[in-house]
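protein_11.txt follows; it contains compact mmCIF, C-alpha atoms and all ligand atoms.
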# COMPACT_ATOMS: atom_id res chain seq x y z
CA MET Y 1 19.40 -14.30 -2.69
CA SER Y 2 17.04 -15.44 0.06
CA GLN Y 3 13.35 -15.83 -0.66
CA PRO Y 4 11.35 -12.60 -0.24
CA LEU Y 5 8.85 -12.54 2.64
CA LEU Y 6 6.08 -11.35 0.34
CA SER Y 7 5.92 -11.74 -3.38
CA LEU Y 8 3.08 -10.58 -5.64
CA GLU Y 9 3.05 -12.11 -9.08
CA GLY Y 10 0.71 -10.69 -11.72
CA LEU Y 11 -1.85 -9.74 -9.08
CA SER Y 12 -5.08 -8.45 -10.62
CA VAL Y 13 -8.41 -7.58 -9.02
CA THR Y 14 -11.63 -6.88 -10.89
CA TYR Y 15 -14.84 -5.78 -9.17
CA ARG Y 16 -18.11 -6.82 -10.75
CA THR Y 17 -20.53 -3.89 -10.57
CA GLN Y 18 -23.88 -3.05 -12.12
CA GLY Y 19 -22.10 -0.59 -14.39
CA GLY Y 20 -19.65 -3.26 -15.61
CA ASP Y 21 -16.29 -4.64 -14.56
CA VAL Y 22 -13.90 -2.38 -12.69
CA ALA Y 23 -10.26 -3.40 -13.14
CA ALA Y 24 -8.95 -1.95 -9.87
CA VAL Y 25 -5.55 -3.71 -9.81
CA ARG Y 26 -3.91 -4.76 -13.07
CA GLY Y 27 -1.01 -7.16 -13.08
CA VAL Y 28 1.07 -6.02 -10.12
CA ASP Y 29 4.45 -7.66 -9.46
CA LEU Y 30 6.10 -6.64 -6.19
CA GLU Y 31 8.48 -8.13 -3.67
CA LEU Y 32 9.11 -7.33 -0.04
CA ALA Y 33 12.20 -8.62 1.69
CA ARG Y 34 12.27 -9.69 5.32
CA GLY Y 35 12.55 -6.64 7.56
CA GLU Y 36 12.01 -4.29 4.62
CA LYS Y 37 9.67 -1.29 4.58
CA LEU Y 38 7.89 -0.82 1.28
CA GLY Y 39 5.67 2.18 0.63
CA VAL Y 40 2.84 2.17 -1.90
CA ALA Y 41 1.71 5.61 -3.06
CA GLY Y 42 -0.81 6.89 -5.55
CA GLU Y 43 -3.85 9.12 -5.72
CA SER Y 44 -7.19 8.09 -4.39
CA GLY Y 45 -8.68 5.38 -6.62
CA SER Y 46 -5.36 4.03 -7.87
CA GLY Y 47 -6.03 0.62 -6.33
CA LYS Y 48 -3.91 0.78 -3.17
CA SER Y 49 -6.56 -0.45 -0.72
CA THR Y 50 -7.75 -3.10 -3.15
CA LEU Y 51 -4.18 -4.39 -3.34
CA ALA Y 52 -3.87 -4.43 0.47
CA LEU Y 53 -7.17 -6.23 0.96
CA ALA Y 54 -6.35 -8.75 -1.77
CA LEU Y 55 -3.18 -9.73 0.09
CA LEU Y 56 -5.18 -11.06 3.02
CA ARG Y 57 -8.23 -12.06 0.99
CA LEU Y 58 -10.41 -9.49 2.66
CA LEU Y 59 -12.14 -8.34 -0.53
CA PRO Y 60 -15.92 -8.60 -1.02
CA PRO Y 61 -17.28 -11.54 -3.05
CA THR Y 62 -17.82 -9.22 -6.04
CA ALA Y 63 -14.05 -9.09 -6.47
CA THR Y 64 -12.22 -11.57 -8.70
CA VAL Y 65 -8.56 -11.98 -7.85
CA THR Y 66 -5.98 -13.56 -10.14
CA GLY Y 67 -2.23 -13.99 -9.88
CA ARG Y 68 -0.25 -15.13 -6.87
CA VAL Y 69 0.39 -13.75 -3.39
CA LEU Y 70 3.26 -15.65 -1.80
CA LEU Y 71 3.93 -15.15 1.90
CA ASP Y 72 7.00 -17.10 2.94
CA GLY Y 73 6.59 -19.01 -0.32
CA GLU Y 74 3.02 -20.09 0.51
CA ASP Y 75 0.24 -18.92 -1.84
CA LEU Y 76 -2.39 -17.04 0.16
CA LEU Y 77 -4.89 -17.10 -2.68
CA GLY Y 78 -5.03 -20.89 -2.70
CA MET Y 79 -4.99 -21.39 1.08
CA ASN Y 80 -7.86 -23.03 2.96
CA TRP Y 81 -9.79 -20.90 5.47
CA GLY Y 82 -8.28 -22.47 8.57
CA ARG Y 83 -4.75 -21.79 7.42
CA LEU Y 84 -5.72 -18.32 6.20
CA ARG Y 85 -7.16 -17.38 9.62
CA ALA Y 86 -3.89 -18.28 11.28
CA VAL Y 87 -1.87 -16.37 8.69
CA ARG Y 88 -4.05 -13.27 9.09
CA TRP Y 89 -2.77 -12.68 12.59
CA ALA Y 90 0.49 -14.50 12.93
CA GLY Y 91 1.76 -14.06 9.37
CA ALA Y 92 0.53 -10.67 8.28
CA SER Y 93 -1.87 -8.26 9.90
CA ILE Y 94 -3.42 -5.04 8.75
CA VAL Y 95 -3.92 -1.57 10.24
CA PHE Y 96 -6.70 0.41 8.61
CA GLN Y 97 -7.22 4.12 8.32
CA GLY Y 98 -10.42 4.42 10.35
CA ALA Y 99 -9.46 3.31 13.84
CA MET Y 100 -12.54 5.08 15.18
CA HIS Y 101 -14.82 2.72 13.32
CA SER Y 102 -12.83 -0.48 13.59
CA LEU Y 103 -12.93 -0.82 17.38
CA ASN Y 104 -15.91 -2.34 19.14
CA PRO Y 105 -17.53 0.35 21.35
CA VAL Y 106 -18.89 -2.08 23.98
CA HIS Y 107 -15.63 -3.86 24.84
CA THR Y 108 -12.60 -2.49 26.64
CA ILE Y 109 -9.54 -2.08 24.48
CA GLY Y 110 -7.71 -4.61 26.68
CA ASP Y 111 -10.28 -7.27 25.81
CA GLN Y 112 -10.03 -6.40 22.14
CA ILE Y 113 -6.25 -6.65 22.08
CA ALA Y 114 -6.41 -9.91 24.07
CA GLU Y 115 -8.93 -11.53 21.72
CA PRO Y 116 -6.58 -12.58 18.91
CA ILE Y 117 -4.00 -13.72 21.46
CA LEU Y 118 -6.51 -15.99 23.23
CA LEU Y 119 -7.85 -17.20 19.91
CA HIS Y 120 -4.62 -17.98 18.13
CA GLU Y 121 -2.18 -18.87 20.88
CA LYS Y 122 -2.83 -21.42 23.56
CA VAL Y 123 -2.31 -19.08 26.48
CA GLY Y 124 -4.41 -18.44 29.60
CA GLU Y 125 -6.12 -15.21 30.68
CA ALA Y 126 -3.23 -14.17 32.92
CA GLU Y 127 -0.66 -14.50 30.15
CA ALA Y 128 -2.97 -12.66 27.72
CA THR Y 129 -3.38 -9.81 30.24
CA ARG Y 130 0.39 -9.62 30.62
CA ARG Y 131 0.83 -9.49 26.85
CA VAL Y 132 -1.81 -6.74 26.54
CA ALA Y 133 0.04 -4.61 29.10
CA GLN Y 134 3.29 -5.18 27.23
CA LEU Y 135 1.71 -4.30 23.87
CA LEU Y 136 0.18 -1.10 25.24
CA ASP Y 137 3.55 -0.16 26.61
CA GLU Y 138 5.14 -0.84 23.22
CA VAL Y 139 2.71 1.53 21.50
CA GLY Y 140 3.33 4.22 24.10
CA MET Y 141 0.18 3.86 26.22
CA PRO Y 142 -0.02 3.30 29.99
CA PRO Y 143 -0.97 -0.37 30.55
CA ALA Y 144 -3.77 0.78 32.88
CA ARG Y 145 -5.57 2.08 29.80
CA ALA Y 146 -6.47 -1.56 29.00
CA ARG Y 147 -9.65 -0.95 31.01
CA ALA Y 148 -10.71 2.00 28.83
CA TYR Y 149 -13.48 1.87 26.25
CA PRO Y 150 -12.76 3.22 22.75
CA HIS Y 151 -14.85 6.39 23.28
CA GLU Y 152 -12.62 7.33 26.21
CA LEU Y 153 -9.58 7.56 23.93
CA SER Y 154 -8.39 10.23 21.50
CA GLY Y 155 -8.03 9.48 17.78
CA GLY Y 156 -4.29 9.03 18.10
CA GLN Y 157 -4.69 6.66 21.07
CA ARG Y 158 -7.24 4.60 19.16
CA GLN Y 159 -4.80 4.28 16.26
CA ARG Y 160 -2.16 3.15 18.79
CA VAL Y 161 -4.60 0.48 19.98
CA MET Y 162 -5.10 -0.65 16.37
CA ILE Y 163 -1.35 -0.98 16.02
CA ALA Y 164 -1.16 -2.96 19.29
CA MET Y 165 -3.84 -5.31 17.90
CA ALA Y 166 -1.90 -5.72 14.67
CA LEU Y 167 1.20 -6.59 16.70
CA ALA Y 168 -0.66 -8.92 19.08
CA CYS Y 169 0.29 -12.22 17.47
CA ARG Y 170 3.77 -11.06 16.47
CA PRO Y 171 3.26 -11.06 12.70
CA GLU Y 172 6.11 -11.06 10.20
CA LEU Y 173 4.41 -8.40 8.11
CA ILE Y 174 2.23 -5.42 8.91
CA ILE Y 175 0.14 -3.84 6.21
CA ALA Y 176 -0.81 -0.27 7.11
CA ASP Y 177 -3.38 1.35 4.83
CA GLU Y 178 -3.28 5.14 5.31
CA PRO Y 179 -2.69 4.64 9.04
CA THR Y 180 -2.46 8.36 9.78
CA THR Y 181 -4.68 10.03 7.20
CA ALA Y 182 -7.57 10.58 9.60
CA LEU Y 183 -5.36 12.17 12.26
CA ASP Y 184 -4.20 15.74 12.66
CA VAL Y 185 -0.64 16.69 11.74
CA MET Y 186 1.07 16.45 15.14
CA ILE Y 187 -0.51 13.09 15.92
CA GLN Y 188 0.26 11.85 12.40
CA ALA Y 189 3.95 12.45 12.98
CA GLN Y 190 3.81 10.65 16.36
CA ILE Y 191 2.07 7.59 14.93
CA LEU Y 192 4.48 7.44 11.98
CA GLY Y 193 7.37 7.67 14.41
CA LEU Y 194 5.86 4.85 16.45
CA ILE Y 195 5.40 2.57 13.43
CA ASP Y 196 8.93 3.31 12.28
CA ASP Y 197 10.31 2.54 15.71
CA LEU Y 198 8.32 -0.68 16.16
CA VAL Y 199 9.30 -2.19 12.83
CA ALA Y 200 12.93 -1.22 13.39
CA ARG Y 201 12.99 -2.82 16.84
CA SER Y 202 11.09 -6.00 15.99
CA GLY Y 203 12.37 -6.63 12.47
CA ILE Y 204 8.80 -6.80 11.18
CA SER Y 205 8.33 -6.04 7.49
CA LEU Y 206 6.06 -3.16 6.63
CA LEU Y 207 3.86 -2.49 3.63
CA MET Y 208 2.63 1.04 4.13
CA ILE Y 209 0.09 2.68 1.90
CA SER Y 210 -0.49 6.39 1.52
CA HIS Y 211 -1.44 8.97 -1.07
CA ASP Y 212 1.31 11.11 0.45
CA LEU Y 213 4.72 10.31 -1.02
CA SER Y 214 6.65 12.48 1.42
CA VAL Y 215 5.20 10.58 4.40
CA LEU Y 216 6.19 7.28 2.81
CA SER Y 217 9.68 8.31 1.80
CA ASP Y 218 10.36 9.32 5.40
CA VAL Y 219 9.53 5.85 6.70
CA CYS Y 220 10.16 3.38 3.88
CA ASP Y 221 13.20 1.80 2.22
CA ARG Y 222 11.55 1.41 -1.16
CA LEU Y 223 8.56 2.98 -2.86
CA ALA Y 224 6.11 1.69 -5.43
CA ILE Y 225 3.93 4.22 -7.24
CA MET Y 226 0.51 3.09 -8.44
CA TYR Y 227 -1.55 4.65 -11.17
CA ALA Y 228 -4.82 3.24 -12.49
CA GLY Y 229 -4.22 -0.15 -10.89
CA ARG Y 230 -0.63 -0.57 -12.09
CA VAL Y 231 2.75 -0.06 -10.52
CA VAL Y 232 4.32 2.59 -12.73
CA GLU Y 233 7.55 3.05 -10.77
CA VAL Y 234 9.39 1.17 -8.05
CA GLY Y 235 12.78 1.81 -6.52
CA PRO Y 236 14.74 3.10 -3.51
CA ALA Y 237 12.55 5.56 -1.54
CA ASP Y 238 14.85 8.52 -1.88
CA GLU Y 239 15.40 7.96 -5.60
CA VAL Y 240 11.68 7.66 -6.36
CA HIS Y 241 10.84 10.66 -4.20
CA LYS Y 242 13.61 13.00 -5.31
CA ARG Y 243 14.65 11.66 -8.72
CA ALA Y 244 11.46 10.13 -10.06
CA LYS Y 245 11.70 8.52 -13.49
CA HIS Y 246 7.98 8.49 -14.24
CA PRO Y 247 6.29 11.87 -14.78
CA TYR Y 248 3.40 10.74 -12.56
CA SER Y 249 5.71 10.00 -9.62
CA ALA Y 250 7.39 13.36 -10.13
CA ALA Y 251 4.03 15.11 -10.10
CA LEU Y 252 3.00 13.23 -6.94
CA ALA Y 253 6.26 14.15 -5.24
CA ALA Y 254 5.76 17.80 -6.12
CA ALA Y 255 2.16 17.62 -4.97
CA PHE Y 256 2.91 16.84 -1.33
CA PRO Y 257 5.84 19.01 -0.33
CA THR Y 258 5.54 18.62 3.44
CA VAL Y 259 4.82 15.65 5.65
CA GLY Y 260 1.16 15.67 6.51
CA ASP Y 261 0.43 19.17 5.18
CA PRO Y 262 -3.37 19.16 5.53
CA ALA Y 263 -3.89 21.73 2.78
CA SER Y 264 -2.13 19.58 0.19
CA ARG Y 265 -3.87 16.45 1.35
CA LEU Y 266 -7.00 16.58 -0.74
CA GLN Y 267 -5.91 18.13 -4.01
CA PRO Y 268 -2.40 17.29 -5.14
CA ARG Y 269 -0.93 20.58 -6.32
CA GLY Y 270 0.62 20.70 -9.75
CA LEU Y 271 -1.24 17.63 -10.94
CA ALA Y 272 -4.06 18.73 -13.19
CA GLY Y 273 -7.06 16.58 -14.00
CA ASP Y 274 -8.43 13.46 -12.35
CA PRO Y 275 -7.25 9.87 -12.38
CA PRO Y 276 -9.02 7.87 -15.09
CA ASP Y 277 -12.19 5.93 -14.50
CA PRO Y 278 -11.11 2.25 -14.38
CA GLU Y 279 -14.12 1.38 -16.53
CA SER Y 280 -12.82 3.48 -19.42
CA LEU Y 281 -9.04 3.68 -19.29
CA PRO Y 282 -7.22 5.77 -21.90
CA THR Y 283 -5.41 3.83 -24.63
CA GLY Y 284 -1.62 3.53 -24.39
CA CYS Y 285 -0.19 4.79 -21.12
CA SER Y 286 -3.10 5.48 -18.73
CA PHE Y 287 -1.39 8.65 -17.51
CA HIS Y 288 -0.81 10.25 -20.93
CA PRO Y 289 -3.84 12.61 -20.92
CA ARG Y 290 -2.46 14.32 -17.78
CA CYS Y 291 1.23 14.04 -18.58
CA ALA Y 292 3.26 17.21 -19.10
CA LEU Y 293 5.95 15.19 -20.93
CA ARG Y 294 3.53 13.37 -23.21
CA ARG Y 295 4.84 12.27 -26.61
CA ASP Y 296 2.94 11.18 -29.71
CA ALA Y 297 3.59 7.54 -28.96
CA CYS Y 298 2.06 7.71 -25.50
CA ASP Y 299 -1.53 7.11 -26.58
CA VAL Y 300 -0.39 3.93 -28.33
CA ILE Y 301 2.33 2.38 -26.20
CA ASP Y 302 1.57 1.09 -22.73
CA PRO Y 303 5.09 0.54 -21.39
CA GLN Y 304 5.87 -2.18 -18.88
CA LEU Y 305 8.25 -1.56 -15.97
CA TRP Y 306 11.73 -1.10 -17.35
CA PRO Y 307 15.10 -0.72 -15.59
CA ALA Y 308 15.70 2.99 -15.03
CA GLY Y 309 18.16 2.96 -12.14
CA GLU Y 310 21.35 4.95 -11.99
CA ASN Y 311 24.59 3.48 -10.66
CA GLY Y 312 23.22 -0.03 -10.84
CA GLN Y 313 20.31 0.63 -8.50
CA LYS Y 314 17.20 -1.54 -8.81
CA HIS Y 315 14.78 1.12 -9.97
CA ASP Y 316 12.12 0.52 -12.63
CA ALA Y 317 9.67 2.82 -14.36
CA ALA Y 318 6.91 2.24 -16.90
CA CYS Y 319 7.34 5.22 -19.23
CA VAL Y 320 8.49 5.54 -22.84
CA LEU Y 321 11.07 8.04 -21.63
CA VAL Y 322 13.04 5.28 -19.93
CA LEU Y 323 12.70 2.69 -22.68
CA PRO Y 324 15.91 2.00 -24.59
CA ASP Y 325 16.45 2.89 -28.26
CA GLU Y 326 13.13 2.05 -29.83
CA GLY Y 327 11.04 3.66 -27.10
CA ALA Y 328 13.34 6.65 -26.97
CA SER Y 329 12.99 7.33 -30.67
CA LEU Y 330 9.23 6.93 -30.37
CA ALA Y 331 9.26 9.31 -27.45
CA ARG Y 332 11.19 11.87 -29.45
CA GLY Y 333 8.45 11.63 -32.05
CA GLU Y 334 10.69 10.12 -34.73
CA PRO Y 335 8.89 8.13 -37.42
CA HIS Y 336 8.72 4.48 -36.48
CA GLY Y 337 7.05 1.40 -37.91
CA ILE Y 338 5.45 0.15 -34.69
CA HIS Y 339 3.85 3.48 -34.06
CA GLU Y 340 2.05 3.59 -37.39
CA GLU Y 341 1.10 -0.10 -37.39
CA ASP Y 342 -0.35 0.14 -33.92
CA LYS Y 343 -2.37 3.16 -34.87
CA VAL Y 344 -3.83 1.27 -37.83
CA ALA Y 345 -4.45 -1.79 -35.69
CA ARG Y 346 -6.62 0.25 -33.42
P1 LIG M 1 -7.23 3.62 -3.33
O1 LIG M 1 -7.12 2.85 -2.06
O2 LIG M 1 -5.94 3.78 -4.05
O3 LIG M 1 -7.93 4.92 -3.15
P2 LIG M 1 -9.17 1.61 -4.09
O4 LIG M 1 -8.47 0.31 -4.07
O5 LIG M 1 -10.04 1.95 -2.95
O6 LIG M 1 -8.13 2.78 -4.36
O7 LIG M 1 -10.07 1.69 -5.41
C1 LIG M 1 -9.58 1.34 -6.69
C2 LIG M 1 -10.73 1.36 -7.68
O8 LIG M 1 -11.63 0.31 -7.38
C3 LIG M 1 -11.56 2.65 -7.64
O9 LIG M 1 -11.96 2.95 -8.96
C4 LIG M 1 -12.75 2.28 -6.81
O10 LIG M 1 -13.88 3.04 -7.17
C5 LIG M 1 -12.94 0.82 -7.15
N1 LIG M 1 -13.51 0.05 -6.02
C6 LIG M 1 -13.02 -0.06 -4.77
N2 LIG M 1 -13.79 -0.86 -4.01
C7 LIG M 1 -14.80 -1.28 -4.81
C8 LIG M 1 -15.93 -2.15 -4.62
N3 LIG M 1 -16.15 -2.76 -3.46
N4 LIG M 1 -16.76 -2.34 -5.67
C9 LIG M 1 -16.52 -1.74 -6.87
N5 LIG M 1 -15.48 -0.94 -7.12
C10 LIG M 1 -14.63 -0.69 -6.11
MG MG M 2 -7.57 3.46 -0.07

Please, can you express the file's structure as structure tokens?
Amino acid sequence: MSQPLLSLEGLSVTYRTQGGDVAAVRGVDLELARGEKLGVAGESGSGKSTLALALLRLLPPTATVTGRVLLDGEDLLGMNWGRLRAVRWAGASIVFQGAMHSLNPVHTIGDQIAEPILLHEKVGEAEATRRVAQLLDEVGMPPARARAYPHELSGGQRQRVMIAMALACRPELIIADEPTTALDVMIQAQILGLIDDLVARSGISLLMISHDLSVLSDVCDRLAIMYAGRVVEVGPADEVHKRAKHPYSAALAAAFPTVGDPASRLQPRGLAGDPPDPESLPTGCSFHPRCALRRDACDVIDPQLWPAGENGQKHDAACVLVLPDEGASLARGEPHGIHEEDKVAR
């Protein structure tokens, strides 16, 4: 097997706050193949943005990051600043949710798209201008719009500009953190279509983050579901969306029945309660207090990802319900040594 483009190994992020340490990402292992589209879903607060920012070392100094982030086999966490700057545009670039706030109001969008090109590639003004026109065309905007200022554009156009900027130095990987959440439904669908089209045409890999599983399963090849800073399920997009193995993924899938349905956006339907506070996580499986399929063992056992795929598919879930023998008997509530010992140990 060829080396994955991106590989996260035991990635953890803890924020130091006045109230104590917040473990926002806890031991995430993920791989992204070249040209692959991986979706990361989970409710607000599950650690998705922290994960994305950690990949390019964009976290505030209060964050402590451990583990490894390998891009093309090179560890981003150990890289010097000069190398990291180059990688941030030409290796992997990021599209944020709030395009309105990320663009500089006093510069034309053409100048803003040209900036990374002039900075990172030894090209002249004329070549940069040509590239800007080409990039605008690629994201479905008339090249003449290069002379526009951000306030002259609609929300959807500004997000297109952000995507053009992310593409500017022809990265191998684009990280898109809720790229359409701030947009209305029609525009959301257009921007998703654009991203889908661009990655398909250019062979760029995509790591797309959303709280909306149905949006992700439309675009992505594989899905990873995060809960309380952990990946609790990962597998082929359709399998995770339609035949989830973890009760949390199933609840998420049921919560967002239609792509970009604004009514279901804020409160996932059918998923009672709130995600846990990372400062005081429940014992055992972090999801157990909200889980409809909870078993006795679930407040004791914190399962790791375990193969759960059908027909030999690579599909893992972290739930006692997918554990073999021992976990299954625990899940059924049968008496078991580990269960009792663990209870005493606590
Ligand atoms: P998501 O993107 O899935 O909504 P985040 O990564 O933004 O989740 O947040 C994960 C957890 O980390 C949340 O509990 C959030 O409150 C906390 N968090 C995020 N950013 C910071 C920060 N700068 N300082 C302290 N805690 C933070
Ligand atoms: Mg976020």

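Our summary of the geometry notes that CA of Arg68 (chain Y) is positioned 12.9 Å from CA of Val25 (chain Y).
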
For this session: Name each residue within 6 Å of ligand LIG 1 (chain M), counting all atoms listed in the file, as a ChimeraX atom specification.
Result: /Y:15,17,22,24,43-50,278

Problem set entry | Selection: 12 Å around Leu118 (chain Y), only C-alpha atoms, excl. self and same-chain fewer than 3 positions, as a list in words | Trp89, Gly110, Asp111, Gln112, Ile113, Ala114, Glu115, Glu121, Lys122, Val123, Gly124, Glu125, Ala126, Glu127, Ala128, Thr129, Arg130, Arg131, Val132, Ala168 and Cys169 of chain Y

May I have the selected residues written with C-alpha atoms, as a JSON list (two decimals), in the coordinates of the input?
[["chain", "number", "residue", "atom", "x", "y", "z"],
["Y", 89, "TRP", "CA", -2.77, -12.68, 12.59],
["Y", 110, "GLY", "CA", -7.71, -4.61, 26.68],
["Y", 111, "ASP", "CA", -10.28, -7.27, 25.81],
["Y", 112, "GLN", "CA", -10.03, -6.40, 22.14],
["Y", 113, "ILE", "CA", -6.25, -6.65, 22.08],
["Y", 114, "ALA", "CA", -6.41, -9.91, 24.07],
["Y", 115, "GLU", "CA", -8.93, -11.53, 21.72],
["Y", 121, "GLU", "CA", -2.18, -18.87, 20.88],
["Y", 122, "LYS", "CA", -2.83, -21.42, 23.56],
["Y", 123, "VAL", "CA", -2.31, -19.08, 26.48],
["Y", 124, "GLY", "CA", -4.41, -18.44, 29.60],
["Y", 125, "GLU", "CA", -6.12, -15.21, 30.68],
["Y", 126, "ALA", "CA", -3.23, -14.17, 32.92],
["Y", 127, "GLU", "CA", -0.66, -14.50, 30.15],
["Y", 128, "ALA", "CA", -2.97, -12.66, 27.72],
["Y", 129, "THR", "CA", -3.38, -9.81, 30.24],
["Y", 130, "ARG", "CA", 0.39, -9.62, 30.62],
["Y", 131, "ARG", "CA", 0.83, -9.49, 26.85],
["Y", 132, "VAL", "CA", -1.81, -6.74, 26.54],
["Y", 168, "ALA", "CA", -0.66, -8.92, 19.08],
["Y", 169, "CYS", "CA", 0.29, -12.22, 17.47]]

For this session: Find the residue from Y:Tyr248, Y:Tyr149, Y:Trp306, Y:Phe96 that sits nearest to Glu178 (chain Y); use all atoms listed in the file when measuring.
Result: Y:Phe96

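For the pair CA of Asp277 (chain Y) and CA of His101 (chain Y), the separation is 28.1 Å.
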
Exercise. Please, what distance in Å, to one decimal, runs between CA of Arg290 (chain Y) and CA of His241 (chain Y)?
Worked result: 19.4 Å

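Nearest-residue note for ligand MG 2 (chain M): choosing from Y:Glu310, Y:Glu36, Y:Asp177, Y:Glu138, the minimum distance belongs to Y:Asp177, counting only C-alpha atoms and all ligand atoms.
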
Do you know which residues lie at most 7 Å from (-3.4, 11.0, -25.9), with coordinates as in the file and only C-alpha atoms counted, and could you write them as a CSV table (one decimal) with C-alpha atoms, keeping the file's coordinate frame?
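Generated file (result38.csv):
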chain,number,residue,atom,x,y,z
Y,288,HIS,CA,-0.8,10.2,-20.9
Y,289,PRO,CA,-3.8,12.6,-20.9
Y,298,CYS,CA,2.1,7.7,-25.5
Y,299,ASP,CA,-1.5,7.1,-26.6

Exercise. Looking at Y:Thr181, Y:Gln304, Y:Ser286, Y:Ser249, which one is nearest to ligand MG 2 (chain M), with distances taken over only C-alpha atoms and all ligand atoms?
Worked result: Y:Thr181

Problem set entry | Residue contacts of region 202-210 of chain Y (9 Å, all atoms listed in the file) excluding same-chain residues fewer than 3 positions away, as number ranges by chain | Y: 5, 32-43, 48-49, 52, 170-181, 195, 197-199, 213, 215-216, 219-220

Could you take the residues named above and write them with C-alpha atoms, as a PDB file, keeping the file's coordinate frame?
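Heads up, here's the output in part-v1.pdb:
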ATOM      1  CA  LEU Y   5       8.850 -12.540   2.640  1.00  0.00           C
ATOM      2  CA  LEU Y  32       9.110  -7.330  -0.040  1.00  0.00           C
ATOM      3  CA  ALA Y  33      12.200  -8.620   1.690  1.00  0.00           C
ATOM      4  CA  ARG Y  34      12.270  -9.690   5.320  1.00  0.00           C
ATOM      5  CA  GLY Y  35      12.550  -6.640   7.560  1.00  0.00           C
ATOM      6  CA  GLU Y  36      12.010  -4.290   4.620  1.00  0.00           C
ATOM      7  CA  LYS Y  37       9.670  -1.290   4.580  1.00  0.00           C
ATOM      8  CA  LEU Y  38       7.890  -0.820   1.280  1.00  0.00           C
ATOM      9  CA  GLY Y  39       5.670   2.180   0.630  1.00  0.00           C
ATOM     10  CA  VAL Y  40       2.840   2.170  -1.900  1.00  0.00           C
ATOM     11  CA  ALA Y  41       1.710   5.610  -3.060  1.00  0.00           C
ATOM     12  CA  GLY Y  42      -0.810   6.890  -5.550  1.00  0.00           C
ATOM     13  CA  GLU Y  43      -3.850   9.120  -5.720  1.00  0.00           C
ATOM     14  CA  LYS Y  48      -3.910   0.780  -3.170  1.00  0.00           C
ATOM     15  CA  SER Y  49      -6.560  -0.450  -0.720  1.00  0.00           C
ATOM     16  CA  ALA Y  52      -3.870  -4.430   0.470  1.00  0.00           C
ATOM     17  CA  ARG Y 170       3.770 -11.060  16.470  1.00  0.00           C
ATOM     18  CA  PRO Y 171       3.260 -11.060  12.700  1.00  0.00           C
ATOM     19  CA  GLU Y 172       6.110 -11.060  10.200  1.00  0.00           C
ATOM     20  CA  LEU Y 173       4.410  -8.400   8.110  1.00  0.00           C
ATOM     21  CA  ILE Y 174       2.230  -5.420   8.910  1.00  0.00           C
ATOM     22  CA  ILE Y 175       0.140  -3.840   6.210  1.00  0.00           C
ATOM     23  CA  ALA Y 176      -0.810  -0.270   7.110  1.00  0.00           C
ATOM     24  CA  ASP Y 177      -3.380   1.350   4.830  1.00  0.00           C
ATOM     25  CA  GLU Y 178      -3.280   5.140   5.310  1.00  0.00           C
ATOM     26  CA  PRO Y 179      -2.690   4.640   9.040  1.00  0.00           C
ATOM     27  CA  THR Y 180      -2.460   8.360   9.780  1.00  0.00           C
ATOM     28  CA  THR Y 181      -4.680  10.030   7.200  1.00  0.00           C
ATOM     29  CA  ILE Y 195       5.400   2.570  13.430  1.00  0.00           C
ATOM     30  CA  ASP Y 197      10.310   2.540  15.710  1.00  0.00           C
ATOM     31  CA  LEU Y 198       8.320  -0.680  16.160  1.00  0.00           C
ATOM     32  CA  VAL Y 199       9.300  -2.190  12.830  1.00  0.00           C
ATOM     33  CA  LEU Y 213       4.720  10.310  -1.020  1.00  0.00           C
ATOM     34  CA  VAL Y 215       5.200  10.580   4.400  1.00  0.00           C
ATOM     35  CA  LEU Y 216       6.190   7.280   2.810  1.00  0.00           C
ATOM     36  CA  VAL Y 219       9.530   5.850   6.700  1.00  0.00           C
ATOM     37  CA  CYS Y 220      10.160   3.380   3.880  1.00  0.00           C
TER      38      CYS Y 220
END

For this session: Rank Y:Pro282, Y:Gly229, Y:Gly73, Y:Gly309 by their smallest atom-to-atom distance to ligand MG 2 (chain M), using all atoms listed in the file, and report the top residue only.
Result: Y:Gly229

Problem set entry | Residue contacts of region 76-85 of chain Y (10 Å, only C-alpha atoms) excluding same-chain residues fewer than 2 positions away, as a PyMOL selection string | chain Y and resi 54-57+65-74+87-91+120

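When all atoms listed in the file are used to measure the gap to Val161 (chain Y), the shortest distance among Y:Cys291, Y:Leu103, Y:Cys285, Y:Val13 belongs to Y:Leu103.
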
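Comparing Y:Gln3, Y:Ala63, Y:Asp212, Y:Gly140 by their smallest distance to ligand MG 2 (chain M), the closest is Y:Asp212 (using only C-alpha atoms and all ligand atoms).
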
What are the centre and the three edge lengths of an axis-aligned box that wraps all atoms of region 64-67 of chain Y in the file, given that 5 Å is added to every side, written as lines of an AutoDock Vina configuration file and rounded to one decimal in Å?
center_x = -7.2
center_y = -12.8
center_z = -9.0
size_x = 20.0
size_y = 12.4
size_z = 12.3

Using all atoms listed in the file, give me every residue within 7 Å of (10.1, 0.4, -6.2) in file coordinates, as a PDB file with C-alpha atoms, keeping the file's coordinate frame.
ATOM      1  CA  ARG Y 222      11.550   1.410  -1.160  1.00  0.00           C
ATOM      2  CA  LEU Y 223       8.560   2.980  -2.860  1.00  0.00           C
ATOM      3  CA  ALA Y 224       6.110   1.690  -5.430  1.00  0.00           C
ATOM      4  CA  GLU Y 233       7.550   3.050 -10.770  1.00  0.00           C
ATOM      5  CA  VAL Y 234       9.390   1.170  -8.050  1.00  0.00           C
ATOM      6  CA  GLY Y 235      12.780   1.810  -6.520  1.00  0.00           C
ATOM      7  CA  PRO Y 236      14.740   3.100  -3.510  1.00  0.00           C
ATOM      8  CA  HIS Y 315      14.780   1.120  -9.970  1.00  0.00           C
ATOM      9  CA  ASP Y 316      12.120   0.520 -12.630  1.00  0.00           C
TER      10      ASP Y 316
END
